[in-house]
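Structure file data32.cif; described as mmCIF, C-alpha atoms and all ligand atoms.
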data_structure
loop_
_atom_site.label_atom_id
_atom_site.label_comp_id
_atom_site.auth_asym_id
_atom_site.auth_seq_id
_atom_site.Cartn_x
_atom_site.Cartn_y
_atom_site.Cartn_z
CA MET A 1 17.96 -9.85 0.67
CA SER A 2 15.11 -9.32 3.05
CA ASN A 3 12.70 -7.95 0.53
CA SER A 4 12.39 -9.57 -2.86
CA SER A 5 12.37 -6.97 -5.57
CA SER A 6 9.30 -8.58 -7.05
CA THR A 7 7.38 -7.91 -3.82
CA LYS A 8 4.89 -5.09 -4.17
CA ARG A 9 6.61 -2.29 -2.33
CA THR A 10 4.16 0.21 -0.95
CA THR A 11 4.77 0.78 2.74
CA ALA A 12 7.97 1.60 4.56
CA ARG A 13 9.18 -1.06 6.98
CA ASN A 14 11.47 1.08 9.03
CA PRO A 15 10.34 4.67 9.39
CA HIS A 16 13.01 6.15 11.64
CA HIS A 17 16.19 4.80 10.05
CA LEU A 18 17.57 4.10 6.60
CA LEU A 19 19.17 0.67 6.93
CA ALA A 20 18.27 -0.88 3.58
CA VAL A 21 16.49 0.03 0.36
CA SER A 22 13.62 -2.11 1.64
CA ASP A 23 13.00 0.51 4.36
CA LEU A 24 11.58 2.70 1.60
CA SER A 25 8.34 2.20 -0.25
CA THR A 26 8.51 2.85 -3.98
CA ASP A 27 6.60 6.10 -3.43
CA GLU A 28 9.16 7.20 -0.85
CA ILE A 29 12.00 6.40 -3.23
CA VAL A 30 10.37 8.65 -5.81
CA GLU A 31 9.79 11.38 -3.22
CA LEU A 32 13.43 11.25 -2.16
CA LEU A 33 14.54 11.52 -5.78
CA ASP A 34 12.20 14.50 -6.30
CA LEU A 35 13.53 16.12 -3.14
CA THR A 36 17.06 15.55 -4.41
CA ASP A 37 16.25 17.86 -7.33
CA THR A 38 15.73 20.65 -4.77
CA PHE A 39 19.09 19.98 -3.15
CA VAL A 40 20.89 19.80 -6.49
CA GLU A 41 19.54 23.32 -7.02
CA VAL A 42 20.80 24.37 -3.57
CA GLY A 43 24.22 22.96 -4.50
CA LYS A 44 24.39 25.31 -7.48
CA ARG A 45 23.87 28.43 -5.39
CA GLN A 46 26.77 30.73 -4.67
CA ILE A 47 26.48 29.75 -1.02
CA PRO A 48 25.24 26.17 -1.20
CA LYS A 49 23.84 26.04 2.29
CA VAL A 50 20.41 26.10 3.96
CA PRO A 51 19.52 26.29 7.66
CA ALA A 52 17.31 23.20 7.56
CA LEU A 53 19.10 21.15 10.22
CA ARG A 54 20.53 23.88 12.40
CA GLY A 55 20.98 22.61 15.95
CA ARG A 56 21.01 18.97 14.87
CA THR A 57 24.10 16.81 15.24
CA VAL A 58 25.12 14.16 12.74
CA VAL A 59 27.92 11.73 13.59
CA SER A 60 29.80 9.69 11.04
CA LEU A 61 31.01 6.41 12.43
CA PHE A 62 33.17 4.66 9.86
CA PHE A 63 34.68 1.36 10.97
CA GLU A 64 35.82 0.70 7.39
CA ASP A 65 37.80 2.87 4.98
CA SER A 66 35.96 5.35 2.84
CA THR A 67 36.71 8.53 0.98
CA ARG A 68 33.68 9.57 -1.00
CA THR A 69 30.86 8.26 1.17
CA ARG A 70 32.14 9.78 4.42
CA LEU A 71 32.99 13.13 2.84
CA SER A 72 29.69 13.11 0.97
CA PHE A 73 27.63 12.62 4.15
CA GLU A 74 29.66 15.22 6.03
CA THR A 75 29.29 17.73 3.19
CA ALA A 76 25.54 17.01 3.05
CA ALA A 77 25.12 17.54 6.80
CA LYS A 78 27.14 20.79 6.70
CA ARG A 79 25.13 22.13 3.76
CA LEU A 80 22.03 21.59 5.87
CA SER A 81 23.74 23.52 8.72
CA ALA A 82 23.87 20.49 11.04
CA ASP A 83 26.79 20.11 13.44
CA THR A 84 28.97 17.20 12.43
CA MET A 85 31.22 14.88 14.38
CA SER A 86 33.52 12.48 12.65
CA PHE A 87 34.63 9.35 14.41
CA ALA A 88 37.91 7.92 13.16
CA VAL A 89 38.18 4.35 14.36
CA SER A 90 41.95 4.35 13.93
CA SER A 91 42.37 6.99 16.65
CA SER A 92 39.49 5.93 18.93
CA SER A 93 38.98 3.75 21.98
CA VAL A 94 37.88 0.95 19.65
CA ASN A 95 41.59 0.31 19.42
CA LYS A 96 41.63 -0.17 23.19
CA GLY A 97 38.99 -2.87 22.88
CA GLU A 98 35.83 -0.77 23.33
CA SER A 99 32.76 -2.52 21.94
CA VAL A 100 30.53 -1.00 19.26
CA ARG A 101 27.73 -0.81 21.83
CA ASP A 102 29.83 1.12 24.36
CA THR A 103 31.06 3.41 21.58
CA ILE A 104 27.46 4.16 20.57
CA GLU A 105 26.37 4.79 24.14
CA THR A 106 29.30 7.15 24.67
CA ILE A 107 28.52 9.11 21.51
CA GLU A 108 24.81 9.18 22.29
CA ALA A 109 25.49 10.63 25.73
CA MET A 110 26.88 13.71 23.98
CA GLY A 111 23.50 14.29 22.33
CA ILE A 112 23.19 13.31 18.70
CA ASP A 113 20.39 13.13 16.17
CA ALA A 114 21.78 10.83 13.50
CA VAL A 115 24.56 8.28 13.13
CA VAL A 116 25.95 7.41 9.73
CA VAL A 117 27.52 3.96 10.02
CA ARG A 118 29.84 1.94 7.84
CA HIS A 119 31.10 -1.44 8.99
CA ARG A 120 32.73 -4.43 7.36
CA SER A 121 30.16 -6.78 8.90
CA SER A 122 26.62 -7.08 7.58
CA GLY A 123 23.98 -6.22 10.15
CA VAL A 124 25.95 -3.80 12.34
CA PRO A 125 23.76 -0.76 11.45
CA VAL A 126 20.64 -2.78 12.34
CA GLN A 127 22.21 -3.68 15.70
CA ILE A 128 23.12 -0.07 16.35
CA SER A 129 19.56 1.02 15.59
CA ARG A 130 18.44 -1.11 18.55
CA TRP A 131 20.84 0.66 20.89
CA THR A 132 20.16 4.30 20.09
CA ASP A 133 17.28 6.70 19.69
CA ALA A 134 19.19 8.58 16.99
CA ALA A 135 18.34 7.95 13.34
CA VAL A 136 20.75 5.37 11.92
CA ILE A 137 21.79 5.59 8.29
CA ASN A 138 23.60 2.65 6.76
CA ALA A 139 26.59 3.87 4.74
CA GLY A 140 27.54 0.32 3.75
CA ASP A 141 27.62 -2.90 5.79
CA GLY A 142 29.61 -5.88 4.57
CA TRP A 143 28.07 -7.44 1.47
CA HIS A 144 24.60 -6.43 2.60
CA GLN A 145 23.33 -2.94 1.77
CA HIS A 146 24.35 0.58 0.76
CA PRO A 147 21.02 2.37 0.37
CA THR A 148 22.27 5.91 -0.29
CA GLN A 149 24.51 4.62 -3.09
CA ALA A 150 21.39 3.05 -4.62
CA LEU A 151 19.49 6.33 -4.34
CA LEU A 152 22.29 8.34 -5.96
CA ASP A 153 22.62 5.77 -8.73
CA ALA A 154 18.88 5.81 -9.41
CA TYR A 155 18.93 9.61 -9.33
CA THR A 156 21.80 9.74 -11.82
CA VAL A 157 20.06 7.36 -14.22
CA ARG A 158 16.77 9.24 -13.88
CA SER A 159 18.43 12.61 -14.51
CA HIS A 160 19.73 11.34 -17.87
CA LEU A 161 16.95 9.03 -19.03
CA GLY A 162 13.91 10.71 -17.50
CA SER A 163 12.68 7.48 -15.94
CA LEU A 164 13.94 3.98 -15.22
CA GLU A 165 10.72 2.37 -16.42
CA GLY A 166 11.50 -0.20 -19.12
CA ARG A 167 15.20 0.68 -19.22
CA HIS A 168 17.77 -2.11 -19.41
CA ILE A 169 20.58 -1.94 -16.85
CA ALA A 170 23.52 -4.37 -16.82
CA ILE A 171 25.32 -4.73 -13.48
CA ILE A 172 28.71 -6.19 -14.28
CA GLY A 173 31.37 -7.84 -12.17
CA ASP A 174 31.73 -8.85 -8.56
CA VAL A 175 28.04 -9.09 -7.61
CA ARG A 176 28.76 -11.67 -4.96
CA HIS A 177 30.64 -9.37 -2.59
CA SER A 178 28.80 -6.21 -3.48
CA ARG A 179 26.42 -4.35 -1.20
CA VAL A 180 26.06 -1.83 -4.02
CA ALA A 181 24.72 -4.53 -6.35
CA ARG A 182 22.23 -5.78 -3.74
CA SER A 183 20.91 -2.26 -3.13
CA ASP A 184 20.93 -1.25 -6.79
CA ILE A 185 19.08 -4.36 -7.95
CA GLU A 186 16.31 -3.53 -5.54
CA ILE A 187 15.99 0.15 -6.38
CA PHE A 188 16.34 -0.28 -10.15
CA THR A 189 13.69 -3.01 -10.32
CA ALA A 190 11.39 -1.11 -7.93
CA LEU A 191 11.52 1.78 -10.40
CA GLY A 192 10.64 -0.48 -13.32
CA ALA A 193 14.03 -1.20 -14.92
CA LYS A 194 15.06 -4.57 -16.33
CA VAL A 195 18.31 -5.70 -14.68
CA THR A 196 20.80 -8.18 -16.12
CA LEU A 197 23.68 -9.38 -13.96
CA VAL A 198 26.85 -10.10 -15.91
CA ALA A 199 29.53 -12.07 -14.05
CA PRO A 200 31.40 -15.35 -13.96
CA PRO A 201 29.57 -17.96 -11.87
CA THR A 202 32.11 -17.59 -9.06
CA LEU A 203 31.31 -13.91 -8.64
CA LEU A 204 27.56 -14.41 -8.39
CA PRO A 205 25.78 -15.21 -5.12
CA PHE A 206 24.87 -18.84 -4.48
CA THR A 207 21.35 -18.07 -5.65
CA THR A 208 19.71 -15.17 -7.44
CA GLU A 209 16.26 -16.73 -7.29
CA SER A 210 14.70 -14.09 -5.05
CA TRP A 211 15.82 -11.31 -7.39
CA ASP A 212 13.87 -10.16 -10.37
CA VAL A 213 16.93 -10.26 -12.66
CA GLU A 214 18.38 -12.04 -15.63
CA VAL A 215 21.86 -13.49 -15.48
CA THR A 216 24.47 -14.00 -18.16
CA HIS A 217 28.16 -14.88 -18.21
CA ASP A 218 28.65 -13.30 -21.62
CA LEU A 219 29.29 -9.56 -21.49
CA ASP A 220 29.63 -9.09 -25.23
CA SER A 221 26.12 -10.46 -25.80
CA VAL A 222 24.41 -7.64 -23.84
CA LEU A 223 26.47 -4.57 -24.71
CA GLY A 224 24.40 -3.52 -27.74
CA ASP A 225 21.13 -3.75 -25.83
CA ILE A 226 21.70 -1.78 -22.61
CA ASP A 227 20.84 1.74 -21.48
CA VAL A 228 23.18 1.60 -18.49
CA CYS A 229 26.48 -0.24 -18.07
CA TYR A 230 27.01 -0.37 -14.30
CA LEU A 231 30.45 -1.65 -13.34
CA LEU A 232 31.30 -3.02 -9.93
CA ARG A 233 34.69 -2.89 -8.29
CA MET A 234 36.54 -6.18 -7.93
CA GLN A 235 36.39 -6.40 -4.13
CA ARG A 236 39.67 -8.13 -3.55
CA GLU A 237 39.64 -7.34 0.17
CA ARG A 238 36.45 -9.40 0.52
CA MET A 239 37.69 -12.45 -1.39
CA ASP A 240 39.19 -15.16 0.72
CA GLU A 241 39.66 -17.62 -2.10
CA ALA A 242 40.76 -17.39 -5.71
CA LEU A 243 37.44 -16.74 -7.44
CA VAL A 244 38.93 -15.76 -10.77
CA PRO A 245 41.93 -17.43 -12.43
CA SER A 246 43.76 -14.09 -12.55
CA MET A 247 42.91 -10.41 -12.79
CA ARG A 248 44.24 -10.45 -16.35
CA GLU A 249 41.77 -13.16 -17.34
CA TYR A 250 38.95 -11.42 -15.51
CA SER A 251 39.66 -8.22 -17.45
CA ALA A 252 39.80 -10.07 -20.73
CA ASP A 253 36.28 -11.48 -20.15
CA TYR A 254 34.55 -8.79 -18.10
CA GLY A 255 36.62 -5.60 -18.27
CA VAL A 256 35.04 -2.74 -20.21
CA THR A 257 37.66 -1.72 -22.73
CA MET A 258 37.36 0.82 -25.56
CA ARG A 259 36.66 -2.08 -27.89
CA ARG A 260 33.70 -3.13 -25.75
CA ALA A 261 32.54 0.46 -25.22
CA ALA A 262 32.32 0.79 -29.02
CA LYS A 263 29.72 -2.01 -29.04
CA MET A 264 27.39 0.03 -26.83
CA ARG A 265 25.11 2.74 -28.11
CA PRO A 266 26.85 6.11 -27.74
CA GLU A 267 24.24 7.25 -25.21
CA THR A 268 24.57 4.17 -22.96
CA LEU A 269 25.52 5.51 -19.51
CA ILE A 270 28.70 4.12 -17.99
CA MET A 271 28.59 4.09 -14.19
CA HIS A 272 30.80 2.93 -11.33
CA PRO A 273 30.36 3.50 -7.57
CA GLY A 274 34.08 4.12 -7.08
CA PRO A 275 36.78 3.55 -6.12
CA MET A 276 37.68 2.29 -9.61
CA ASN A 277 40.32 -0.30 -10.38
CA ARG A 278 41.41 1.24 -13.65
CA GLY A 279 42.67 -1.40 -16.03
CA ILE A 280 40.71 -4.18 -14.30
CA GLU A 281 36.95 -3.66 -14.49
CA ILE A 282 37.22 -0.46 -16.52
CA ALA A 283 39.86 0.90 -18.89
CA SER A 284 41.07 4.39 -18.04
CA GLU A 285 39.94 5.80 -21.40
CA VAL A 286 36.43 4.38 -20.89
CA ALA A 287 36.10 6.26 -17.60
CA GLU A 288 36.80 9.50 -19.52
CA LEU A 289 34.19 8.97 -22.26
CA PRO A 290 31.43 11.63 -22.49
CA ASN A 291 28.79 9.04 -21.57
CA ALA A 292 30.70 8.01 -18.40
CA VAL A 293 28.89 9.74 -15.52
CA ILE A 294 31.07 8.57 -12.65
CA THR A 295 31.92 12.01 -11.26
CA GLU A 296 28.27 13.04 -11.66
CA GLN A 297 27.38 10.12 -9.39
CA VAL A 298 29.70 11.58 -6.74
CA ALA A 299 28.19 15.06 -7.10
CA ASN A 300 24.63 13.69 -6.92
CA GLY A 301 25.61 11.75 -3.80
CA VAL A 302 25.78 14.94 -1.76
CA ALA A 303 22.30 16.07 -2.81
CA VAL A 304 20.79 12.62 -2.26
CA ARG A 305 22.27 12.46 1.24
CA MET A 306 20.93 15.94 1.98
CA ALA A 307 17.50 14.64 0.99
CA VAL A 308 17.86 11.58 3.25
CA LEU A 309 19.06 13.61 6.24
CA PHE A 310 16.30 16.12 5.68
CA MET A 311 13.67 13.40 5.46
CA LEU A 312 14.85 11.73 8.66
CA LEU A 313 15.67 14.81 10.75
CA GLY A 314 14.02 17.83 9.23
CA SER A 315 10.46 18.99 8.89
CA GLY A 316 10.17 16.74 5.85
CA ARG A 317 10.20 13.73 8.14
CA HIS A 318 7.08 12.16 6.76
CA LEU A 319 9.01 8.89 6.76
CA SER A 320 8.41 8.83 10.49
CA ASN A 321 5.22 10.69 11.25
CA GLY A 322 3.48 12.12 8.27
CA GLN A 323 4.60 15.72 8.74
CA PRO A 324 4.85 18.28 5.91
CA ASP A 325 6.00 17.00 2.60
CA VAL A 326 8.79 19.20 1.32
CA ALA A 327 8.72 17.55 -2.07
CA GLN A 328 5.48 19.46 -2.59
CA GLY A 329 7.57 22.64 -2.31
CA THR A 330 5.41 24.83 -0.08
CA ASP A 331 6.29 28.47 -0.68
CA ASP A 332 7.58 29.37 2.75
CA MET A 333 9.99 26.50 3.13
CA LEU A 334 13.15 27.58 1.40
CA ASP A 335 15.76 30.01 2.49
CA ASP A 336 19.45 30.13 2.00
CA GLU A 337 21.95 30.38 4.76
CA ALA A 338 23.29 33.78 3.69
CA SER A 339 19.93 35.55 3.77
CA ASP A 340 18.99 33.97 7.05
CA SER A 341 20.00 36.77 9.39
CA ASP A 342 17.92 35.98 12.44
CA GLY A 343 20.85 34.40 14.21
CA GLY A 344 19.22 31.03 14.39
CA SER A 345 15.95 31.87 16.13
CA GLN A 346 13.90 30.67 13.20
CA ALA A 347 12.88 27.04 13.31
CA GLY A 348 15.97 25.46 11.87
CA ASN A 349 14.13 22.52 10.38
CA GLU A 350 12.95 24.31 7.32
CA LEU A 351 14.03 24.78 3.82
CA ASP A 352 12.85 28.03 2.44
CA THR A 353 12.72 29.00 -1.22
CA LYS A 354 12.65 32.73 -0.52
CA GLY A 355 15.81 34.40 -1.70
CA GLY A 356 17.16 31.14 -2.94
CA GLN A 357 17.88 32.37 -6.44
CA ARG A 358 20.98 34.36 -7.18
C1 LIG A 401 31.35 1.21 -2.59
C2 LIG A 401 31.34 0.66 -1.20
O1 LIG A 401 32.16 1.01 -0.37
O2 LIG A 401 30.46 -0.13 -0.96
N1 LIG A 401 31.95 2.44 -2.74
C3 LIG A 401 31.29 3.54 -2.36
O3 LIG A 401 30.61 3.60 -1.37
N2 LIG A 401 31.40 4.58 -3.18
C4 LIG A 401 31.77 0.25 -3.60
C5 LIG A 401 33.07 -0.43 -3.43
O4 LIG A 401 33.80 -0.26 -2.47
O5 LIG A 401 33.37 -1.23 -4.31
#

Any chance you could give the structure as structure tokens?
Amino acid sequence: MSNSSSTKRTTARNPHHLLAVSDLSTDEIVELLDLTDTFVEVGKRQIPKVPALRGRTVVSLFFEDSTRTRLSFETAAKRLSADTMSFAVSSSSVNKGESVRDTIETIEAMGIDAVVVRHRSSGVPVQISRWTDAAVINAGDGWHQHPTQALLDAYTVRSHLGSLEGRHIAIIGDVRHSRVARSDIEIFTALGAKVTLVAPPTLLPFTTESWDVEVTHDLDSVLGDIDVCYLLRMQRERMDEALVPSMREYSADYGVTMRRAAKMRPETLIMHPGPMNRGIEIASEVAELPNAVITEQVANGVAVRMAVLFMLLGSGRHLSNGQPDVAQGTDDMLDDEASDSDGGSQAGNELDTKGGQR
């Protein structure tokens, strides 16, 4: 990880893109989470749409399979009235041998403002950011980073617990192959949580020294003490060797069953980034418990991604140049799509609260 979580995190490293959690200062993380509240409110409107990014084009470029992340970004862009283009690798010229660079240059020639990239190799979004003037948002690269997942996870925890400060979060399972774990460790610790990684030695990275975390191999020893039980998917597609004796043995030691759920406090949040392997890292009944907030994570993902797109492309883009801060909620900045009858002449980069309530 490029930025140790114990590093004091005050300034953004990369103002134009969102490639890693370390691109955000702690203050910017908090601002994005505050801004997400606004977009959660927009999502509850009868017509959950604002004209904020009218005239902007957002492309999703997914070189790896995805359901929720791709749909979530596309929904977020549409709710901000951006035009969206979706690039399906399986039916593209990539299959004829076109390089990522040529693909980017082709898409850029059509005029785009943001590219949302997922790739199985770590570092591809960073590479792409060197080849395009568009804002690049990392939607997951290899084992490396998944910053919007981290933001939606932090938002979900914050919406239930008020703050992450002093909270104890266990991240359980396949940490080694998980970009979600790497991003979540950074955001959770930046916001003041204590993080314990729970995994067999073979599913931990070679070293965890640069992370401000505790590590245990004994799940049962932490269950009674945690505020959040964050389960990772067993990433079998990323394992090229037998890292656990068998899935059955893994589940016996690290799967969250009803018996284990009963050892947690009833209010302990149960989270999972999806897609879940029911019966492996999580029992089906556990995923249905009232304190399991897995579908809430998905719902919050849309609002978080609206906040990110708005920050990078809209008039809230103080990540790049210190322009107006929407999180302050200036009176004239909100409008909903339905009441916006000027046919698009109004500056599309604004959120306006007027008429937002129904
Ligand atoms: C994660 C991913 O793809 O990194 N899923 C997601 O984005 N919701 C986690 C995973 O695949 O295990």

Can I get the residues of chain A within 9 Å of ligand LIG 401 (chain A), each with the closest pair of atoms and their distance in Å to one decimal, using all atoms listed in the file, sorted chain first then ascending number, as a Markdown table?
| residue | atom | partner | partner_atom | distance |
| --- | --- | --- | --- | --- |
| A:Glu64 | CA | A:LIG401 | O1 | 8.6 |
| A:Asp65 | CA | A:LIG401 | O1 | 8.0 |
| A:Ser66 | CA | A:LIG401 | O1 | 6.6 |
| A:Thr67 | CA | A:LIG401 | N2 | 7.8 |
| A:Arg68 | CA | A:LIG401 | N2 | 5.9 |
| A:Thr69 | CA | A:LIG401 | O3 | 5.3 |
| A:Arg70 | CA | A:LIG401 | O3 | 8.6 |
| A:Arg118 | CA | A:LIG401 | O1 | 8.6 |
| A:Ala139 | CA | A:LIG401 | O3 | 7.3 |
| A:Gly140 | CA | A:LIG401 | O2 | 5.6 |
| A:Asp141 | CA | A:LIG401 | O2 | 7.8 |
| A:Gly142 | CA | A:LIG401 | O2 | 8.0 |
| A:Trp143 | CA | A:LIG401 | O2 | 8.1 |
| A:Gln145 | CA | A:LIG401 | O2 | 8.1 |
| A:His146 | CA | A:LIG401 | O2 | 6.4 |
| A:Thr148 | CA | A:LIG401 | O3 | 8.7 |
| A:Gln149 | CA | A:LIG401 | O3 | 6.4 |
| A:Asp174 | CA | A:LIG401 | O5 | 8.9 |
| A:His177 | CA | A:LIG401 | O5 | 8.8 |
| A:Ser178 | CA | A:LIG401 | O2 | 6.8 |
| A:Arg179 | CA | A:LIG401 | O2 | 5.8 |
| A:Val180 | CA | A:LIG401 | O2 | 5.6 |
| A:Ala181 | CA | A:LIG401 | C4 | 9.0 |
| A:Leu232 | CA | A:LIG401 | O5 | 6.3 |
| A:Arg233 | CA | A:LIG401 | O5 | 4.5 |
| A:Met234 | CA | A:LIG401 | O5 | 6.9 |
| A:Gln235 | CA | A:LIG401 | O5 | 6.0 |
| A:His272 | CA | A:LIG401 | C4 | 8.2 |
| A:Pro273 | CA | A:LIG401 | N2 | 4.6 |
| A:Gly274 | CA | A:LIG401 | N2 | 4.8 |
| A:Pro275 | CA | A:LIG401 | N1 | 6.0 |
| A:Met276 | CA | A:LIG401 | O5 | 7.7 |
| A:Val298 | CA | A:LIG401 | N2 | 8.0 |

Neighbours of Ala307 of chain A within 7 Å (only C-alpha atoms; same-chain residues fewer than 5 positions away dropped), as a JSON list (two decimals) with C-alpha atoms, keeping the file's coordinate frame?
[["chain", "number", "residue", "atom", "x", "y", "z"],
["A", 32, "LEU", "CA", 13.43, 11.25, -2.16],
["A", 35, "LEU", "CA", 13.53, 16.12, -3.14],
["A", 36, "THR", "CA", 17.06, 15.55, -4.41],
["A", 39, "PHE", "CA", 19.09, 19.98, -3.15]]

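The interatomic distance for the pair atom CA of Met258 of chain A and atom CA of Gly224 of chain A works out to 13.8 Å.
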
Counting all atoms listed in the file, the option among A:Ala299, A:Val175, A:Ala190, A:Arg278 closest to Met239 of chain A: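 So, comparing all the options, the nearest one is A:Val175.
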
Every residue with an atom at most 12 Å from (36.3, 5.1, 12.6) (file coordinates; all atoms listed in the file) is what I'm after, so could you write them as a PyMOL selection string? chain A and resi 59-66+70+85-95+100+103-104+116-120

Using all atoms listed in the file, which of the listed residues (A:Ser284, A:Thr26, A:Asn138, A:Ser122) sits closest to Gly192 of chain A?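 That would be A:Thr26, the residue with the smallest distance to Gly192 of chain A.
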
Around the point (15.9, 15.3, -9.2), in the coordinates given by the file, pick out the residues reaching within 12 Å, counting all atoms listed in the file, and return them as a PyMOL selection string. chain A and resi 29-42+151-163+300-301+303-304+307+327
